[in-house]
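One structure is given here, and the rest of the page talks about it.
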Amino acid sequence: MATVWAGIDAGKRAHHCVVINQAGTILLSQKVENDETALLELIARVLDLADESNGRADGDVCWATDLNAGGAALLIALLAGHGQHLLYIPGRIVHHAAATYRGDGKTDAKDARIIADQARMRTDLQPVRGADQISVDLSLLTSRRTDLVYDRVRSINRLRATMLEYFPALERAFDYSKKAPLILLSRCQTAEGIRRIGLVRLTNWLKKHRCRNSAAMAQKAMEAADSQHTVLPAQSMGSALVARLAEQISALDAEIAEVDAQITDLFRQHADADVLLSMPGFGPILAATFLANIGGNLKAFDTVDRLACVAGLAPVPRDSGRISGNLHRPRRFNRRLLRTCYLAALSSLKNSPASRTFYDRKRAEGKSHKQALIALARRRINVIWAMLRDHTPYQEPIPATLQAA
């Protein structure tokens with residue numbers, strides 16, 4: 001059992017550490033820079049306090065922090081190197097727990113005190129466990145990919161909004177998430193420009209730049225240009241911005257493709273890569289994202305139910321009085337892991353008869369599309385758990401009709 005509890009309110013440049021004993025008395029309250037030398041000095045001082053509190057040189061420290069990555073990464077690595085026990089307390093818990101402590105003010109010292117006290121009293125907190133190197137790298141790459149995808153969607157929306165200001169006919173003519181319309185915009189952004197180049201020259205230019213269905217694209221662009229002869233005030237500046245945005249989106253596409261290649265190559269080096277890829281609905285990107293968000297293995301989860309809870313797939317009851325069976329999604333869960341499981345379940349409907357049968361059954365029971373997919377994702381978590389536990393690839397169940405035959 002721990003002798004003292006050390007709560008750390010982690011920050012980017014500095015942390016605040018509060019150490020308490022079994023009675024909740026504050027033994028240390030100190031701000032420490034996010035620097036290796038300073039953190040090592042803090043660890044040594046807290047270990048000495050544990051020995052003094054225990055009366056001999058075997059005092060144990062239970063550390064707790066409100067961050068499990070980012071600014072706390074150096075601290076976590078140093079504590080792991082010293083064999084220290086570290087708990088993770090989400091910021092939501094600290095925020096709600098603060099209402100039960102004296103005073104309305106919020107300071108780093110108060111938050112660190114709350115973190116230490118919660119670690120002393122609560123039994124539901126999970127330890128911070130390190131992931132393998134491949135999973136750490138995949139976490140960084142998949143996060144970068146997500147940022148790039150968000151930037152791409154935002155740029156496409158801005159491009160379409162800008163085109164509506166001066167050339168709405170061309171805006172509605174194409175899907176600008178595709179490559180070919182972006183190539184078109186790199187050459188022609190206005191009705192006058194399209195009419196000036198002409199149908200034949202535009203078709204040949206699009207074909208030269210390897211645009212699919214270049215003749216049909218050129219025809220649609222000409223029809224859009226012929227439908228508008230009015231020059232709007234935003235055309236001069238808007239056309240320049242559209243050309244720039246089209247170039248930016250093309251660059252984002254190229255970077256996303258490069259990151260996808262890195263993710264795929266790195267993911268295939270993991271020992272469980274083939275096992276996860278055998279599961280219907282999982283391609284290299286979704287499987288790598290799943291692996292990154294579970295830390296590369298199942299050691300961070302005691303049971304499959306715990307994994308489902310972290311993924312937001314295990315509903316929790318909110319019963320009161322005569323109201324029972326009122327199930328809701330948990331408040332604390334990994335949203336990226338939930339999205340990964342949801343998309344994989346959706347994709348599995350195309351090539352997994354077992355998934356399609358389960359989904360159809362849930363729909364027949366009156367579940368909505370989203371509810372049926374979440375139920376399917378929860379069912380698949382059990383299968384994935386067994387596959388990773390036994391390192392066994394997925395095998396599609398034989399339908400009951402075939403078994404009977």
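Order determines the names: the first chain of the structure tokens is A, the second B, and so forth; residues in each chain are numbered 1 upward, and ligands are numbered 1 upward as they are shown.
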All strand (DSSP E or B) residues (DSSP, backbone) inside segment 18-128 of chain A, as a PyMOL selection string: chain A and resi 18-20+26-33+61-65+85-88+126-127
File of the preceding selection, N, CA and C atoms, as a PDB file, in the first residue's frame:
ATOM      1  N   VAL A  18       1.807  18.139  -5.606  1.00  0.00           N
ATOM      2  CA  VAL A  18       1.382  18.159  -4.201  1.00  0.00           C
ATOM      3  C   VAL A  18       1.459  16.725  -3.678  1.00  0.00           C
ATOM      4  N   VAL A  19       2.129  16.552  -2.546  1.00  0.00           N
ATOM      5  CA  VAL A  19       2.272  15.239  -1.925  1.00  0.00           C
ATOM      6  C   VAL A  19       1.502  15.233  -0.612  1.00  0.00           C
ATOM      7  N   ILE A  20       0.670  14.190  -0.401  1.00  0.00           N
ATOM      8  CA  ILE A  20      -0.100  14.061   0.840  1.00  0.00           C
ATOM      9  C   ILE A  20       0.163  12.688   1.435  1.00  0.00           C
ATOM     10  N   ILE A  26      -0.824  17.733   3.693  1.00  0.00           N
ATOM     11  CA  ILE A  26       0.089  18.118   2.623  1.00  0.00           C
ATOM     12  C   ILE A  26       1.526  18.094   3.136  1.00  0.00           C
ATOM     13  N   LEU A  27       2.356  17.297   2.504  1.00  0.00           N
ATOM     14  CA  LEU A  27       3.768  17.202   2.860  1.00  0.00           C
ATOM     15  C   LEU A  27       4.646  18.053   1.946  1.00  0.00           C
ATOM     16  N   LEU A  28       4.161  18.316   0.730  1.00  0.00           N
ATOM     17  CA  LEU A  28       4.949  19.072  -0.238  1.00  0.00           C
ATOM     18  C   LEU A  28       4.010  19.705  -1.251  1.00  0.00           C
ATOM     19  N   SER A  29       4.263  20.957  -1.560  1.00  0.00           N
ATOM     20  CA  SER A  29       3.550  21.644  -2.633  1.00  0.00           C
ATOM     21  C   SER A  29       4.587  22.465  -3.389  1.00  0.00           C
ATOM     22  N   GLN A  30       4.874  22.051  -4.618  1.00  0.00           N
ATOM     23  CA  GLN A  30       6.006  22.638  -5.329  1.00  0.00           C
ATOM     24  C   GLN A  30       5.728  22.717  -6.825  1.00  0.00           C
ATOM     25  N   LYS A  31       6.106  23.860  -7.409  1.00  0.00           N
ATOM     26  CA  LYS A  31       6.090  24.010  -8.865  1.00  0.00           C
ATOM     27  C   LYS A  31       7.431  23.547  -9.400  1.00  0.00           C
ATOM     28  N   VAL A  32       7.399  22.759 -10.480  1.00  0.00           N
ATOM     29  CA  VAL A  32       8.628  22.206 -11.030  1.00  0.00           C
ATOM     30  C   VAL A  32       8.619  22.393 -12.540  1.00  0.00           C
ATOM     31  N   GLU A  33       9.747  22.782 -13.092  1.00  0.00           N
ATOM     32  CA  GLU A  33       9.855  22.976 -14.535  1.00  0.00           C
ATOM     33  C   GLU A  33       9.794  21.631 -15.258  1.00  0.00           C
ATOM     34  N   VAL A  61       5.255   5.243  -3.165  1.00  0.00           N
ATOM     35  CA  VAL A  61       4.596   6.452  -3.658  1.00  0.00           C
ATOM     36  C   VAL A  61       3.609   6.062  -4.747  1.00  0.00           C
ATOM     37  N   CYS A  62       2.419   6.614  -4.664  1.00  0.00           N
ATOM     38  CA  CYS A  62       1.449   6.472  -5.736  1.00  0.00           C
ATOM     39  C   CYS A  62       1.355   7.826  -6.440  1.00  0.00           C
ATOM     40  N   TRP A  63       1.791   7.869  -7.667  1.00  0.00           N
ATOM     41  CA  TRP A  63       1.760   9.098  -8.448  1.00  0.00           C
ATOM     42  C   TRP A  63       0.473   9.157  -9.252  1.00  0.00           C
ATOM     43  N   ALA A  64      -0.002  10.364  -9.508  1.00  0.00           N
ATOM     44  CA  ALA A  64      -1.203  10.553 -10.324  1.00  0.00           C
ATOM     45  C   ALA A  64      -1.078  11.856 -11.099  1.00  0.00           C
ATOM     46  N   THR A  65      -1.554  11.836 -12.335  1.00  0.00           N
ATOM     47  CA  THR A  65      -1.486  13.019 -13.184  1.00  0.00           C
ATOM     48  C   THR A  65      -2.756  13.127 -14.010  1.00  0.00           C
ATOM     49  N   HIS A  85       4.654   3.757  -9.710  1.00  0.00           N
ATOM     50  CA  HIS A  85       3.259   3.477 -10.054  1.00  0.00           C
ATOM     51  C   HIS A  85       2.567   4.803 -10.358  1.00  0.00           C
ATOM     52  N   LEU A  86       2.017   4.931 -11.562  1.00  0.00           N
ATOM     53  CA  LEU A  86       1.407   6.190 -11.998  1.00  0.00           C
ATOM     54  C   LEU A  86      -0.020   5.946 -12.439  1.00  0.00           C
ATOM     55  N   LEU A  87      -0.949   6.725 -11.878  1.00  0.00           N
ATOM     56  CA  LEU A  87      -2.358   6.653 -12.245  1.00  0.00           C
ATOM     57  C   LEU A  87      -2.737   7.836 -13.130  1.00  0.00           C
ATOM     58  N   TYR A  88      -3.717   7.616 -13.986  1.00  0.00           N
ATOM     59  CA  TYR A  88      -4.230   8.688 -14.849  1.00  0.00           C
ATOM     60  C   TYR A  88      -5.604   9.103 -14.357  1.00  0.00           C
ATOM     61  N   GLN A 126      -7.198   4.007 -13.577  1.00  0.00           N
ATOM     62  CA  GLN A 126      -6.369   3.080 -14.337  1.00  0.00           C
ATOM     63  C   GLN A 126      -4.917   3.555 -14.360  1.00  0.00           C
ATOM     64  N   PRO A 127      -3.967   2.638 -14.281  1.00  0.00           N
ATOM     65  CA  PRO A 127      -2.556   3.037 -14.362  1.00  0.00           C
ATOM     66  C   PRO A 127      -2.166   3.434 -15.775  1.00  0.00           C
TER      67      PRO A 127
END
Env of segment 79-81 of chain A: 9 Å cut, atoms = only C-alpha atoms, seq-sep filter 3 positions within chain, self excluded. Answer as a PyMOL selection string. chain A and resi 40+43+63+74-76+84-86+129-130
Taking only residues of segment 126-201 of chain A that have an atom at most 8 Å from an atom of segment 253-269 of chain A, what is each one's shortest atom pair and its distance in Å to one decimal, using only C-alpha atoms, in chain and number order, as CSV?
residue,atom,partner,partner_atom,distance
A:Ile134,CA,A:Leu266,CA,6.9
A:Leu138,CA,A:Ile263,CA,6.5
A:Leu141,CA,A:Ile263,CA,6.6
A:Thr142,CA,A:Ile263,CA,7.3
A:Arg145,CA,A:Ile256,CA,6.3
A:Leu148,CA,A:Ile256,CA,6.6
A:Val149,CA,A:Ile256,CA,7.5
A:Arg152,CA,A:Asp253,CA,7.8
Convert the current residue selection to file output with C-alpha atoms, as a PDB file, in the first residue's frame.
ATOM      1  CA  ILE A 134       5.418   0.879 -33.223  1.00  0.00           C
ATOM      2  CA  LEU A 138       1.409   4.961 -35.260  1.00  0.00           C
ATOM      3  CA  LEU A 141       1.130   9.338 -37.681  1.00  0.00           C
ATOM      4  CA  THR A 142      -2.607   8.657 -37.385  1.00  0.00           C
ATOM      5  CA  ARG A 145      -3.416  12.096 -40.806  1.00  0.00           C
ATOM      6  CA  LEU A 148      -4.599  16.661 -42.621  1.00  0.00           C
ATOM      7  CA  VAL A 149      -8.061  15.267 -43.394  1.00  0.00           C
ATOM      8  CA  ARG A 152      -8.634  19.156 -46.477  1.00  0.00           C
TER       9      ARG A 152
END
Can you list every residue in segment 353-400 of chain A that DSSP puts in helix (DSSP H, G or I), as JSON, numbers by chain? {"A": [353, 354, 355, 356, 357, 358, 359, 360, 361, 362, 363, 364, 369, 370, 371, 372, 373, 374, 375, 376, 377, 378, 379, 380, 381, 382, 383, 384, 385, 386, 387, 388, 389, 390, 400]}
Could you save the residues just selected, with C-alpha atoms, as a PDB file, in the first residue's frame?
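The file below, part11.pdb, is the result:
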ATOM      1  CA  PRO A 353     -22.237 -12.234 -44.033  1.00  0.00           C
ATOM      2  CA  ALA A 354     -22.120 -12.643 -40.251  1.00  0.00           C
ATOM      3  CA  SER A 355     -21.942  -8.867 -39.723  1.00  0.00           C
ATOM      4  CA  ARG A 356     -24.756  -8.256 -42.224  1.00  0.00           C
ATOM      5  CA  THR A 357     -26.956 -10.883 -40.555  1.00  0.00           C
ATOM      6  CA  PHE A 358     -26.395  -9.374 -37.102  1.00  0.00           C
ATOM      7  CA  TYR A 359     -27.054  -5.845 -38.397  1.00  0.00           C
ATOM      8  CA  ASP A 360     -30.267  -6.906 -40.161  1.00  0.00           C
ATOM      9  CA  ARG A 361     -31.483  -8.634 -37.013  1.00  0.00           C
ATOM     10  CA  LYS A 362     -30.952  -5.480 -34.952  1.00  0.00           C
ATOM     11  CA  ARG A 363     -32.761  -3.412 -37.588  1.00  0.00           C
ATOM     12  CA  ALA A 364     -35.674  -5.857 -37.464  1.00  0.00           C
ATOM     13  CA  HIS A 369     -29.034   2.415 -38.377  1.00  0.00           C
ATOM     14  CA  LYS A 370     -26.655   4.028 -35.898  1.00  0.00           C
ATOM     15  CA  GLN A 371     -27.839   1.887 -32.957  1.00  0.00           C
ATOM     16  CA  ALA A 372     -27.500  -1.295 -35.004  1.00  0.00           C
ATOM     17  CA  LEU A 373     -23.953  -0.383 -36.059  1.00  0.00           C
ATOM     18  CA  ILE A 374     -22.910   0.390 -32.481  1.00  0.00           C
ATOM     19  CA  ALA A 375     -24.351  -2.962 -31.370  1.00  0.00           C
ATOM     20  CA  LEU A 376     -22.400  -4.647 -34.171  1.00  0.00           C
ATOM     21  CA  ALA A 377     -19.209  -2.816 -33.174  1.00  0.00           C
ATOM     22  CA  ARG A 378     -19.699  -4.035 -29.579  1.00  0.00           C
ATOM     23  CA  ARG A 379     -20.142  -7.601 -30.794  1.00  0.00           C
ATOM     24  CA  ARG A 380     -17.001  -7.325 -32.927  1.00  0.00           C
ATOM     25  CA  ILE A 381     -14.964  -6.079 -29.934  1.00  0.00           C
ATOM     26  CA  ASN A 382     -15.465  -9.488 -28.311  1.00  0.00           C
ATOM     27  CA  VAL A 383     -14.142 -11.178 -31.447  1.00  0.00           C
ATOM     28  CA  ILE A 384     -11.166  -8.819 -31.771  1.00  0.00           C
ATOM     29  CA  TRP A 385     -10.294  -9.381 -28.096  1.00  0.00           C
ATOM     30  CA  ALA A 386     -10.209 -13.155 -28.589  1.00  0.00           C
ATOM     31  CA  MET A 387      -8.211 -12.812 -31.829  1.00  0.00           C
ATOM     32  CA  LEU A 388      -5.522 -10.642 -30.227  1.00  0.00           C
ATOM     33  CA  ARG A 389      -5.468 -12.700 -27.034  1.00  0.00           C
ATOM     34  CA  ASP A 390      -4.934 -15.979 -28.901  1.00  0.00           C
ATOM     35  CA  ALA A 400     -26.725 -22.296 -39.673  1.00  0.00           C
TER      36      ALA A 400
END
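The closest residue to Ser186 of chain A, picked from A:Arg244, A:Lys208, A:Arg201, A:Arg102 and counting only C-alpha atoms, is A:Arg244.
Candidate residues A:Ile249, A:Ala131, A:Leu313, A:Leu140 were compared for distance to Tyr176 of chain A, and the nearest is A:Ile249, using only C-alpha atoms.
Considering the residues A:Ala221, A:Ala287, A:Ala300, A:Leu184 and counting only C-alpha atoms, Val242 of chain A has its shortest atom-to-atom contact with A:Leu184.
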Selection near Arg195 of chain A, 10 Å with only C-alpha atoms, sequence-local residues under 2 positions removed, as a PDB file with N, CA and C atoms, in the first residue's frame:
ATOM      1  N   CYS A 188      -8.618  27.071 -65.151  1.00  0.00           N
ATOM      2  CA  CYS A 188      -9.761  27.951 -65.421  1.00  0.00           C
ATOM      3  C   CYS A 188     -10.583  28.120 -64.153  1.00  0.00           C
ATOM      4  N   THR A 190     -12.899  31.069 -64.041  1.00  0.00           N
ATOM      5  CA  THR A 190     -13.989  31.990 -64.370  1.00  0.00           C
ATOM      6  C   THR A 190     -14.697  31.528 -65.637  1.00  0.00           C
ATOM      7  N   ALA A 191     -15.915  32.052 -65.828  1.00  0.00           N
ATOM      8  CA  ALA A 191     -16.690  31.721 -67.035  1.00  0.00           C
ATOM      9  C   ALA A 191     -15.991  32.230 -68.289  1.00  0.00           C
ATOM     10  N   GLU A 192     -15.440  33.456 -68.215  1.00  0.00           N
ATOM     11  CA  GLU A 192     -14.740  34.010 -69.370  1.00  0.00           C
ATOM     12  C   GLU A 192     -13.535  33.155 -69.743  1.00  0.00           C
ATOM     13  N   GLY A 193     -12.801  32.692 -68.760  1.00  0.00           N
ATOM     14  CA  GLY A 193     -11.629  31.871 -69.022  1.00  0.00           C
ATOM     15  C   GLY A 193     -11.988  30.558 -69.695  1.00  0.00           C
ATOM     16  N   ILE A 197     -10.898  29.510 -73.704  1.00  0.00           N
ATOM     17  CA  ILE A 197     -10.078  28.358 -74.084  1.00  0.00           C
ATOM     18  C   ILE A 197     -10.817  27.440 -75.044  1.00  0.00           C
ATOM     19  N   GLY A 198     -12.134  27.352 -74.930  1.00  0.00           N
ATOM     20  CA  GLY A 198     -12.916  26.548 -75.867  1.00  0.00           C
ATOM     21  C   GLY A 198     -12.988  25.084 -75.485  1.00  0.00           C
ATOM     22  N   LEU A 199     -13.996  24.414 -76.046  1.00  0.00           N
ATOM     23  CA  LEU A 199     -14.267  23.023 -75.680  1.00  0.00           C
ATOM     24  C   LEU A 199     -13.140  22.084 -76.105  1.00  0.00           C
ATOM     25  N   LEU A 202      -9.836  22.691 -74.147  1.00  0.00           N
ATOM     26  CA  LEU A 202      -9.999  22.300 -72.743  1.00  0.00           C
ATOM     27  C   LEU A 202     -10.007  20.778 -72.605  1.00  0.00           C
ATOM     28  N   ALA A 221     -18.108  21.912 -67.938  1.00  0.00           N
ATOM     29  CA  ALA A 221     -17.516  23.224 -67.642  1.00  0.00           C
ATOM     30  C   ALA A 221     -18.002  24.274 -68.640  1.00  0.00           C
ATOM     31  N   MET A 222     -18.092  23.903 -69.918  1.00  0.00           N
ATOM     32  CA  MET A 222     -18.577  24.833 -70.931  1.00  0.00           C
ATOM     33  C   MET A 222     -20.039  25.187 -70.697  1.00  0.00           C
ATOM     34  N   GLU A 223     -20.851  24.220 -70.331  1.00  0.00           N
ATOM     35  CA  GLU A 223     -22.262  24.494 -70.038  1.00  0.00           C
ATOM     36  C   GLU A 223     -22.391  25.455 -68.854  1.00  0.00           C
ATOM     37  N   ALA A 224     -21.544  25.266 -67.827  1.00  0.00           N
ATOM     38  CA  ALA A 224     -21.573  26.188 -66.689  1.00  0.00           C
ATOM     39  C   ALA A 224     -21.170  27.593 -67.112  1.00  0.00           C
ATOM     40  N   ALA A 225     -20.151  27.691 -67.980  1.00  0.00           N
ATOM     41  CA  ALA A 225     -19.679  29.007 -68.439  1.00  0.00           C
ATOM     42  C   ALA A 225     -20.729  29.695 -69.304  1.00  0.00           C
ATOM     43  N   ASP A 226     -21.420  28.934 -70.157  1.00  0.00           N
ATOM     44  CA  ASP A 226     -22.442  29.516 -71.025  1.00  0.00           C
ATOM     45  C   ASP A 226     -23.681  29.961 -70.252  1.00  0.00           C
TER      46      ASP A 226
END
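Taking atom CA of Ser53 of chain A as the reference point, atom CA of Ala38 of chain A is found at 22.5 Å.
For the choices A:Ala271, A:Pro397, A:Leu307, A:Leu159, the atom-to-atom distance to Asp132 of chain A is smallest for A:Ala271 when using only C-alpha atoms.
If you measure from each of A:Gly296, A:Ser324, A:Ala308, A:Asp274 to Thr392 of chain A using only C-alpha atoms, the closest one turns out to be A:Asp274.
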Which one of A:Met121, A:Leu170, A:Ala234, A:Leu182 sits closest to Gln219 of chain A if you count only C-alpha atoms? A:Leu170
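With atom CA of Asp108 of chain A on one side and atom CA of Ala50 of chain A on the other, the separation reads 22.4 Å.
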